[in-house]
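Pasting entry00.cif here (mmCIF, C-alpha atoms):
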```cif
data_target
#
loop_
_atom_site.group_PDB
_atom_site.id
_atom_site.type_symbol
_atom_site.label_atom_id
_atom_site.label_comp_id
_atom_site.auth_asym_id
_atom_site.auth_seq_id
_atom_site.Cartn_x
_atom_site.Cartn_y
_atom_site.Cartn_z
ATOM 1 C CA MET A 1 -0.113 4.037 -83.541
ATOM 2 C CA ILE A 2 -2.024 6.447 -81.352
ATOM 3 C CA GLY A 3 -5.320 5.486 -82.981
ATOM 4 C CA ALA A 4 -4.583 1.826 -82.273
ATOM 5 C CA MET A 5 -4.217 2.472 -78.554
ATOM 6 C CA HIS A 6 -7.514 4.240 -77.988
ATOM 7 C CA GLU A 7 -10.472 5.598 -79.917
ATOM 8 C CA VAL A 8 -10.090 9.223 -80.945
ATOM 9 C CA ILE A 9 -13.403 10.998 -81.559
ATOM 10 C CA PRO A 10 -12.937 13.525 -84.374
ATOM 11 C CA MET A 11 -14.067 16.935 -83.183
ATOM 12 C CA PRO A 12 -13.621 20.375 -84.672
ATOM 13 C CA ALA A 13 -10.911 21.826 -82.434
ATOM 14 C CA ASP A 14 -12.594 25.208 -82.141
ATOM 15 C CA ILE A 15 -15.693 23.674 -80.525
ATOM 16 C CA ARG A 16 -13.676 21.605 -78.076
ATOM 17 C CA ALA A 17 -11.535 24.602 -77.219
ATOM 18 C CA ASP A 18 -14.511 26.499 -75.815
ATOM 19 C CA ALA A 19 -15.441 24.663 -72.620
ATOM 20 C CA ARG A 20 -18.919 26.135 -72.428
ATOM 21 C CA ASP A 21 -19.829 25.420 -76.056
ATOM 22 C CA TRP A 22 -18.421 21.910 -75.769
ATOM 23 C CA ALA A 23 -20.491 21.264 -72.627
ATOM 24 C CA ASP A 24 -23.571 22.709 -74.339
ATOM 25 C CA LEU A 25 -23.132 20.404 -77.327
ATOM 26 C CA GLN A 26 -22.775 17.392 -75.040
ATOM 27 C CA ARG A 27 -25.959 18.433 -73.246
ATOM 28 C CA ALA A 28 -27.802 18.849 -76.549
ATOM 29 C CA VAL A 29 -26.773 15.381 -77.732
ATOM 30 C CA ALA A 30 -27.862 13.831 -74.436
ATOM 31 C CA LEU A 31 -31.280 15.496 -74.732
ATOM 32 C CA LEU A 32 -31.874 14.843 -78.422
ATOM 33 C CA GLU A 33 -30.687 11.226 -78.420
ATOM 34 C CA ALA A 34 -32.669 10.234 -75.296
ATOM 35 C CA PRO A 35 -35.412 7.544 -75.497
ATOM 36 C CA THR A 36 -38.302 8.543 -77.743
ATOM 37 C CA LEU A 37 -41.594 9.873 -76.472
ATOM 38 C CA THR A 38 -43.258 6.688 -77.716
ATOM 39 C CA ALA A 39 -40.957 4.612 -75.523
ATOM 40 C CA LYS A 40 -41.659 6.808 -72.501
ATOM 41 C CA MET A 41 -45.424 6.570 -72.970
ATOM 42 C CA ALA A 42 -45.227 2.791 -73.402
ATOM 43 C CA ASN A 43 -43.265 2.580 -70.158
ATOM 44 C CA LEU A 44 -45.969 4.580 -68.362
ATOM 45 C CA VAL A 45 -48.784 2.413 -69.690
ATOM 46 C CA GLY A 46 -46.792 -0.747 -69.096
ATOM 47 C CA SER A 47 -47.074 -2.190 -72.594
ATOM 48 C CA PRO A 48 -46.181 -1.328 -76.217
ATOM 49 C CA LEU A 49 -48.545 1.137 -77.888
ATOM 50 C CA GLU A 50 -48.625 -0.489 -81.327
ATOM 51 C CA PHE A 51 -51.480 -2.846 -80.415
ATOM 52 C CA ALA A 52 -53.605 -0.066 -78.908
ATOM 53 C CA VAL A 53 -53.018 2.122 -81.966
ATOM 54 C CA ARG A 54 -53.976 -0.685 -84.349
ATOM 55 C CA LYS A 55 -57.270 -1.114 -82.493
ATOM 56 C CA LEU A 56 -58.296 2.459 -83.211
ATOM 57 C CA PRO A 57 -60.827 2.715 -86.076
ATOM 58 C CA ALA A 58 -59.468 4.350 -89.226
ATOM 59 C CA ALA A 59 -62.010 7.160 -88.892
ATOM 60 C CA VAL A 60 -60.748 7.938 -85.387
ATOM 61 C CA SER A 61 -57.121 8.043 -86.548
ATOM 62 C CA ALA A 62 -58.060 10.330 -89.430
ATOM 63 C CA ARG A 63 -59.959 12.617 -87.059
ATOM 64 C CA ILE A 64 -56.979 12.777 -84.696
ATOM 65 C CA HIS A 65 -54.655 13.798 -87.523
ATOM 66 C CA SER A 66 -57.128 16.448 -88.709
ATOM 67 C CA VAL A 67 -57.442 17.889 -85.195
ATOM 68 C CA THR A 68 -53.659 17.758 -84.789
ATOM 69 C CA GLU A 69 -53.007 19.816 -87.920
ATOM 70 C CA ALA A 70 -55.592 22.432 -86.926
ATOM 71 C CA ALA A 71 -54.196 22.581 -83.390
ATOM 72 C CA LEU A 72 -50.619 22.991 -84.587
ATOM 73 C CA TYR A 73 -51.569 25.768 -86.996
ATOM 74 C CA LYS A 74 -53.536 27.619 -84.329
ATOM 75 C CA ALA A 75 -50.748 27.165 -81.780
ATOM 76 C CA THR A 76 -48.189 28.588 -84.194
ATOM 77 C CA GLN A 77 -50.357 31.641 -84.771
ATOM 78 C CA THR A 78 -51.465 32.347 -81.207
ATOM 79 C CA ALA A 79 -48.566 31.147 -79.062
ATOM 80 C CA LEU A 80 -45.788 32.927 -80.925
ATOM 81 C CA TRP A 81 -47.616 36.175 -81.576
ATOM 82 C CA SER A 82 -48.835 36.481 -77.976
ATOM 83 C CA MET A 83 -45.361 36.172 -76.444
ATOM 84 C CA ASP A 84 -42.968 38.969 -75.622
ATOM 85 C CA ARG A 85 -40.664 38.819 -78.631
ATOM 86 C CA GLN A 86 -38.381 41.675 -77.644
ATOM 87 C CA GLN A 87 -36.146 39.927 -75.112
ATOM 88 C CA PRO A 88 -33.835 37.327 -76.697
ATOM 89 C CA GLY A 89 -31.864 35.661 -73.913
ATOM 90 C CA LYS A 90 -34.620 35.951 -71.299
ATOM 91 C CA SER A 91 -34.703 32.913 -68.978
ATOM 92 C CA ALA A 92 -37.310 30.255 -69.767
ATOM 93 C CA SER A 93 -40.079 29.146 -67.375
ATOM 94 C CA PRO A 94 -40.390 25.366 -67.924
ATOM 95 C CA ARG A 95 -42.278 24.542 -64.710
ATOM 96 C CA LEU A 96 -45.097 26.962 -65.462
ATOM 97 C CA HIS A 97 -45.742 25.340 -68.842
ATOM 98 C CA LYS A 98 -45.716 21.831 -67.340
ATOM 99 C CA LEU A 99 -48.341 22.804 -64.757
ATOM 100 C CA ALA A 100 -50.560 24.316 -67.450
ATOM 101 C CA ALA A 101 -50.165 21.195 -69.600
ATOM 102 C CA ALA A 102 -51.105 18.907 -66.704
ATOM 103 C CA ALA A 103 -54.303 20.864 -66.093
ATOM 104 C CA SER A 104 -55.355 20.688 -69.744
ATOM 105 C CA GLY A 105 -54.422 16.995 -69.954
ATOM 106 C CA ALA A 106 -56.907 15.959 -67.280
ATOM 107 C CA LEU A 107 -59.699 17.130 -69.600
ATOM 108 C CA GLY A 108 -58.404 15.008 -72.460
ATOM 109 C CA GLY A 109 -58.130 11.957 -70.233
ATOM 110 C CA LEU A 110 -61.748 12.230 -69.158
ATOM 111 C CA GLY A 111 -63.482 13.108 -72.410
ATOM 112 C CA GLY A 112 -62.073 10.857 -75.136
ATOM 113 C CA LEU A 113 -62.198 11.936 -78.783
ATOM 114 C CA PRO A 114 -64.759 14.775 -78.362
ATOM 115 C CA ALA A 115 -62.579 16.343 -75.667
ATOM 116 C CA LEU A 116 -59.461 15.989 -77.828
ATOM 117 C CA ALA A 117 -60.735 18.676 -80.213
ATOM 118 C CA VAL A 118 -60.889 21.056 -77.236
ATOM 119 C CA GLU A 119 -57.867 19.880 -75.256
ATOM 120 C CA LEU A 120 -55.343 19.405 -78.066
ATOM 121 C CA PRO A 121 -55.339 23.022 -79.348
ATOM 122 C CA LEU A 122 -54.869 24.186 -75.747
ATOM 123 C CA SER A 123 -52.094 21.744 -74.888
ATOM 124 C CA THR A 124 -50.341 22.253 -78.237
ATOM 125 C CA THR A 125 -50.389 26.017 -77.679
ATOM 126 C CA ILE A 126 -48.874 25.512 -74.233
ATOM 127 C CA ILE A 127 -46.131 23.313 -75.690
ATOM 128 C CA MET A 128 -45.495 25.807 -78.511
ATOM 129 C CA ARG A 129 -45.125 28.588 -75.957
ATOM 130 C CA ALA A 130 -42.711 26.398 -74.006
ATOM 131 C CA VAL A 131 -40.690 25.777 -77.178
ATOM 132 C CA ALA A 132 -40.653 29.481 -78.104
ATOM 133 C CA ASP A 133 -39.736 30.357 -74.510
ATOM 134 C CA ILE A 134 -36.655 28.149 -74.800
ATOM 135 C CA ALA A 135 -35.779 29.523 -78.246
ATOM 136 C CA ARG A 136 -35.834 33.026 -76.798
ATOM 137 C CA SER A 137 -33.713 31.948 -73.813
ATOM 138 C CA GLU A 138 -31.078 30.637 -76.243
ATOM 139 C CA GLY A 139 -30.870 34.092 -77.824
ATOM 140 C CA PHE A 140 -33.183 33.602 -80.816
ATOM 141 C CA ASP A 141 -35.453 36.440 -81.942
ATOM 142 C CA LEU A 142 -39.116 35.426 -82.088
ATOM 143 C CA ASN A 143 -39.704 38.200 -84.612
ATOM 144 C CA ASP A 144 -37.542 36.255 -87.063
ATOM 145 C CA PHE A 145 -39.528 34.014 -89.393
ATOM 146 C CA ALA A 146 -36.666 31.484 -89.344
ATOM 147 C CA THR A 147 -37.058 31.175 -85.557
ATOM 148 C CA ARG A 148 -40.770 30.452 -85.897
ATOM 149 C CA GLN A 149 -39.908 27.832 -88.502
ATOM 150 C CA ALA A 150 -37.370 26.316 -86.097
ATOM 151 C CA CYS A 151 -40.018 26.195 -83.359
ATOM 152 C CA LEU A 152 -42.236 24.179 -85.695
ATOM 153 C CA GLU A 153 -39.353 21.833 -86.461
ATOM 154 C CA VAL A 154 -39.322 20.760 -82.808
ATOM 155 C CA PHE A 155 -42.721 19.109 -83.267
ATOM 156 C CA ALA A 156 -41.248 16.903 -86.002
ATOM 157 C CA LEU A 157 -38.677 15.523 -83.542
ATOM 158 C CA GLY A 158 -41.133 13.536 -81.451
ATOM 159 C CA GLY A 159 -42.306 10.853 -83.848
ATOM 160 C CA ASN A 160 -41.551 9.113 -87.112
ATOM 161 C CA SER A 161 -43.855 9.124 -90.083
ATOM 162 C CA GLY A 162 -45.069 5.799 -91.399
ATOM 163 C CA GLN A 163 -42.606 6.065 -94.292
ATOM 164 C CA ASP A 164 -39.501 6.423 -92.125
ATOM 165 C CA ASP A 165 -36.816 3.769 -92.191
ATOM 166 C CA ALA A 166 -36.925 2.344 -88.678
ATOM 167 C CA SER A 167 -33.199 1.541 -88.868
ATOM 168 C CA GLU A 168 -32.356 5.241 -89.216
ATOM 169 C CA THR A 169 -32.925 7.397 -86.181
ATOM 170 C CA GLY A 170 -31.521 10.541 -84.674
ATOM 171 C CA TYR A 171 -31.831 14.271 -84.555
ATOM 172 C CA TYR A 172 -30.195 15.117 -87.876
ATOM 173 C CA LEU A 173 -32.309 12.534 -89.681
ATOM 174 C CA ALA A 174 -35.460 14.245 -88.383
ATOM 175 C CA ARG A 175 -34.035 17.624 -89.334
ATOM 176 C CA GLY A 176 -33.242 16.238 -92.765
ATOM 177 C CA PHE A 177 -36.949 15.488 -93.205
ATOM 178 C CA THR A 178 -37.994 19.035 -92.381
ATOM 179 C CA SER A 179 -35.122 20.551 -94.387
ATOM 180 C CA GLU A 180 -36.218 18.654 -97.475
ATOM 181 C CA VAL A 181 -39.767 19.896 -96.983
ATOM 182 C CA MET A 182 -38.497 23.455 -96.615
ATOM 183 C CA ARG A 183 -36.462 23.266 -99.812
ATOM 184 C CA HIS A 184 -39.376 21.999 -101.867
ATOM 185 C CA LEU A 185 -41.787 24.550 -100.428
ATOM 186 C CA SER A 186 -39.320 27.357 -100.985
ATOM 187 C CA ALA A 187 -39.011 26.461 -104.656
ATOM 188 C CA GLU A 188 -42.788 26.228 -104.959
ATOM 189 C CA LEU A 189 -43.695 29.445 -103.162
ATOM 190 C CA VAL A 190 -40.894 31.884 -103.914
ATOM 191 C CA GLY A 191 -39.189 30.272 -106.897
ATOM 192 C CA THR A 192 -35.805 29.807 -105.226
ATOM 193 C CA ALA A 193 -34.165 27.094 -103.169
ATOM 194 C CA ALA A 194 -33.914 27.644 -99.434
ATOM 195 C CA SER A 195 -30.572 29.059 -98.382
ATOM 196 C CA GLY A 196 -28.124 26.946 -96.381
ATOM 197 C CA SER A 197 -27.998 23.286 -95.479
ATOM 198 C CA HIS A 198 -30.691 23.588 -92.849
ATOM 199 C CA GLY A 199 -33.347 25.223 -95.000
ATOM 200 C CA LEU A 200 -33.797 28.793 -93.805
ATOM 201 C CA VAL A 201 -35.902 31.041 -95.969
ATOM 202 C CA LEU A 202 -35.563 34.789 -95.680
ATOM 203 C CA GLY A 203 -37.509 37.734 -97.014
ATOM 204 C CA LEU A 204 -40.960 36.208 -97.497
ATOM 205 C CA ALA A 205 -43.829 38.650 -97.949
ATOM 206 C CA PRO A 206 -46.704 38.270 -95.447
ATOM 207 C CA LYS A 207 -48.949 36.483 -97.954
ATOM 208 C CA GLU A 208 -46.170 34.088 -98.945
ATOM 209 C CA ALA A 209 -45.289 33.538 -95.293
ATOM 210 C CA GLY A 210 -48.892 32.542 -94.567
ATOM 211 C CA LYS A 211 -48.863 29.980 -97.381
ATOM 212 C CA TRP A 212 -45.475 28.729 -96.244
ATOM 213 C CA LEU A 213 -46.684 28.354 -92.663
ATOM 214 C CA ALA A 214 -49.750 26.356 -93.699
ATOM 215 C CA LYS A 215 -47.650 23.990 -95.818
ATOM 216 C CA VAL A 216 -45.002 23.481 -93.147
ATOM 217 C CA VAL A 217 -47.663 22.834 -90.497
ATOM 218 C CA GLU A 218 -49.254 20.233 -92.772
ATOM 219 C CA LYS A 219 -45.971 18.358 -93.144
ATOM 220 C CA VAL A 220 -44.909 18.619 -89.507
ATOM 221 C CA ALA A 221 -48.397 17.591 -88.342
ATOM 222 C CA ALA A 222 -47.961 14.292 -90.188
ATOM 223 C CA ARG A 223 -45.189 13.445 -87.713
ATOM 224 C CA PHE A 224 -46.654 15.109 -84.631
ATOM 225 C CA GLY A 225 -49.975 13.381 -85.339
ATOM 226 C CA VAL A 226 -48.317 9.968 -84.972
ATOM 227 C CA VAL A 227 -47.362 10.777 -81.384
ATOM 228 C CA VAL A 228 -50.747 12.353 -80.612
ATOM 229 C CA THR A 229 -52.450 9.172 -81.861
ATOM 230 C CA GLU A 230 -50.234 7.097 -79.580
ATOM 231 C CA LYS A 231 -51.070 9.392 -76.666
ATOM 232 C CA PHE A 232 -54.791 9.035 -77.378
ATOM 233 C CA ALA A 233 -54.421 5.255 -77.501
ATOM 234 C CA ALA A 234 -52.505 5.275 -74.204
ATOM 235 C CA GLN A 235 -55.250 7.320 -72.532
ATOM 236 C CA ALA A 236 -57.829 4.818 -73.780
ATOM 237 C CA VAL A 237 -56.225 1.999 -71.759
ATOM 238 C CA PRO A 238 -58.871 1.266 -69.062
ATOM 239 C CA ILE A 239 -56.522 1.345 -66.075
ATOM 240 C CA ILE A 240 -55.113 4.752 -66.990
ATOM 241 C CA GLY A 241 -58.004 7.240 -67.069
ATOM 242 C CA ALA A 242 -57.843 10.927 -66.282
ATOM 243 C CA VAL A 243 -54.679 10.641 -64.215
ATOM 244 C CA ALA A 244 -52.780 9.591 -67.335
ATOM 245 C CA GLY A 245 -54.192 12.556 -69.230
ATOM 246 C CA ALA A 246 -52.423 14.924 -66.851
ATOM 247 C CA THR A 247 -49.331 12.719 -66.600
ATOM 248 C CA LEU A 248 -49.036 12.245 -70.355
ATOM 249 C CA ASN A 249 -49.448 15.961 -71.037
ATOM 250 C CA THR A 250 -46.739 16.741 -68.504
ATOM 251 C CA MET A 251 -44.550 14.117 -70.160
ATOM 252 C CA PHE A 252 -45.357 15.615 -73.581
ATOM 253 C CA THR A 253 -44.411 19.109 -72.474
ATOM 254 C CA ASP A 254 -41.270 17.945 -70.701
ATOM 255 C CA TYR A 255 -40.190 15.964 -73.770
ATOM 256 C CA TYR A 256 -40.688 18.799 -76.246
ATOM 257 C CA GLN A 257 -38.973 21.226 -73.878
ATOM 258 C CA ASP A 258 -35.957 18.896 -73.917
ATOM 259 C CA MET A 259 -36.131 18.640 -77.708
ATOM 260 C CA ALA A 260 -36.372 22.429 -77.980
ATOM 261 C CA ARG A 261 -33.443 23.003 -75.635
ATOM 262 C CA GLY A 262 -31.242 20.601 -77.565
ATOM 263 C CA HIS A 263 -32.464 21.894 -80.946
ATOM 264 C CA PHE A 264 -31.784 25.550 -80.207
ATOM 265 C CA ILE A 265 -28.421 24.830 -78.573
ATOM 266 C CA VAL A 266 -27.383 23.067 -81.782
ATOM 267 C CA LYS A 267 -28.718 25.875 -83.979
ATOM 268 C CA ARG A 268 -26.947 28.469 -81.828
ATOM 269 C CA LEU A 269 -23.666 26.575 -82.194
ATOM 270 C CA GLU A 270 -24.266 26.221 -85.940
ATOM 271 C CA GLN A 271 -24.543 29.997 -86.187
ATOM 272 C CA LYS A 272 -21.153 30.305 -84.490
ATOM 273 C CA TYR A 273 -19.183 27.418 -86.022
ATOM 274 C CA GLY A 274 -21.105 26.521 -89.181
ATOM 275 C CA PHE A 275 -23.568 23.752 -89.969
ATOM 276 C CA GLU A 276 -21.181 21.003 -91.073
ATOM 277 C CA PRO A 277 -18.628 21.226 -88.218
ATOM 278 C CA VAL A 278 -21.400 21.023 -85.636
ATOM 279 C CA ARG A 279 -23.123 18.174 -87.454
ATOM 280 C CA LEU A 280 -19.902 16.162 -87.532
ATOM 281 C CA ALA A 281 -19.177 16.840 -83.865
ATOM 282 C CA TYR A 282 -22.752 15.921 -82.975
ATOM 283 C CA GLY A 283 -22.531 12.676 -84.933
ATOM 284 C CA ALA A 284 -19.320 11.655 -83.192
ATOM 285 C CA LEU A 285 -20.845 12.287 -79.765
ATOM 286 C CA ALA A 286 -24.107 10.544 -80.680
ATOM 287 C CA LYS A 287 -22.208 7.299 -81.291
ATOM 288 C CA ARG A 288 -21.810 7.026 -77.542
ATOM 289 C CA PHE A 289 -25.552 6.554 -77.149
ATOM 290 C CA PRO A 290 -27.202 3.137 -77.711
ATOM 291 C CA ALA A 291 -29.178 2.836 -80.938
#
```
Have the structure of the file written as structure tokens, please.
Amino acid sequence: MIGAMHEVIPMPADIRADARDWADLQRAVALLEAPTLTAKMANLVGSPLEFAVRKLPAAVSARIHSVTEAALYKATQTALWSMDRQQPGKSASPRLHKLAAAASGALGGLGGLPALAVELPLSTTIIMRAVADIARSEGFDLNDFATRQACLEVFALGGNSGQDDASETGYYLARGFTSEVMRHLSAELVGTAASGSHGLVLGLAPKEAGKWLAKVVEKVAARFGVVVTEKFAAQAVPIIGAVAGATLNTMFTDYYQDMARGHFIVKRLEQKYGFEPVRLAYGALAKRFPA
């Protein structure tokens, strides 16, 4: 009878009982289920990006993906190791990273493909630092290999691979992609399945960790490269020019900061309440957002 009168959203009571955690989960859902980066870039350019992407020569697309993978690997190495990793909970500095991204983006807007090989490693490092900064502010230890893995996961949240089912979208779908990758790589590199539903691997030796990192970067770059290709195509639109390079980089950084904030809020809540209760609560809230 009660269910017939109004819709009851099933929520784990313990999450709803904590006002702050409940508000945090709502914020995370709002961030992670917002319009995609592709949609935001298309809105800036004023037209869909599919046509511009299709006009790119195959060799250019291949070069972009190669540069993207190298940039992501370098960013993971330099950005995370150069940060202060001793202060979990320290407040993030999102504005500083956006300003740095805007400055590097102007170069990419002016120079085309040759400049991309210079600009992309710089801008990707800035974004990685922004992501790690947020992870640390949510209480995660940057010394932990699982945290570095989670930082990489954020870059898989911005774009779909060509093999994705377009009818299936959402944060946990994207995480499912990376989790599956993690499980397979864990079995390959250390002979055991990754622990837990969300694919954390503990206790890797330095050599194994290096191999793991390279493999994960390769897989994540396949998704991140889709968005980078779309960004390159958007910058190639004649009316956009260098201004769009700075604007798009700011948009990129802002977007991945939002993804990181939502991602690490969810992971923090999963540590407290468990993976499945948070996933179910997230799914119920996500139904409120248009597909």
Please enumerate the residues selected by the PyMOL selection byres ((chain A and resi 131-133) around 8) when evaluated against the supplied file, formatted as a ChimeraX atom specification. /A:80,91-93,127-130,134-137,142,148,151,154,256-257,260-261
The PyMOL selection byres ((chain A and resi 60-68) around 9) on the file shown: which residues, as a PyMOL selection string? chain A and resi 53+56-59+69-73+113+116-117+120-121+124+221-222+224-226+228-229+232
Expanded to explicit residues, what is the PyMOL selection byres ((chain A and resi 153) around 10) for this file, as a list in words? Thr147, Arg148, Gln149, Ala150, Cys151, Leu152, Val154, Phe155, Ala156, Leu157, Gly158, Ala174, Arg175, Phe177, Thr178, Ser179, Val216, Val217, Val220, Met259, Ala260 and His263 of chain A
Those same residues, written as a compact mmCIF listing (two decimals), keeping the file's coordinate frame with C-alpha atoms?
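Produced file result-v8.txt, reproduced below:
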```
# COMPACT_ATOMS: atom_id res chain seq x y z
CA THR A 147 -37.06 31.18 -85.56
CA ARG A 148 -40.77 30.45 -85.90
CA GLN A 149 -39.91 27.83 -88.50
CA ALA A 150 -37.37 26.32 -86.10
CA CYS A 151 -40.02 26.20 -83.36
CA LEU A 152 -42.24 24.18 -85.70
CA VAL A 154 -39.32 20.76 -82.81
CA PHE A 155 -42.72 19.11 -83.27
CA ALA A 156 -41.25 16.90 -86.00
CA LEU A 157 -38.68 15.52 -83.54
CA GLY A 158 -41.13 13.54 -81.45
CA ALA A 174 -35.46 14.24 -88.38
CA ARG A 175 -34.03 17.62 -89.33
CA PHE A 177 -36.95 15.49 -93.20
CA THR A 178 -37.99 19.04 -92.38
CA SER A 179 -35.12 20.55 -94.39
CA VAL A 216 -45.00 23.48 -93.15
CA VAL A 217 -47.66 22.83 -90.50
CA VAL A 220 -44.91 18.62 -89.51
CA MET A 259 -36.13 18.64 -77.71
CA ALA A 260 -36.37 22.43 -77.98
CA HIS A 263 -32.46 21.89 -80.95
```
With distances taken over all atoms listed in the file, which of A:Phe51, A:Tyr171, A:Phe275, A:Trp212 is nearest to Ala30 in chain A?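 Of A:Phe51, A:Tyr171, A:Phe275, A:Trp212, the one nearest Ala30 in chain A is A:Tyr171, counting all atoms listed in the file.
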Point-to-point distance from CA of Thr38 in chain A to CA of Ala246 in chain A, Å rounded to tenths: 16.4 Å
Nearest residue to Lys74 in chain A from the set A:Arg279, A:Ser123, A:Glu270, A:Met251 (distances using only C-alpha atoms):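 For Lys74 in chain A, the nearest of the given residues is A:Ser123.
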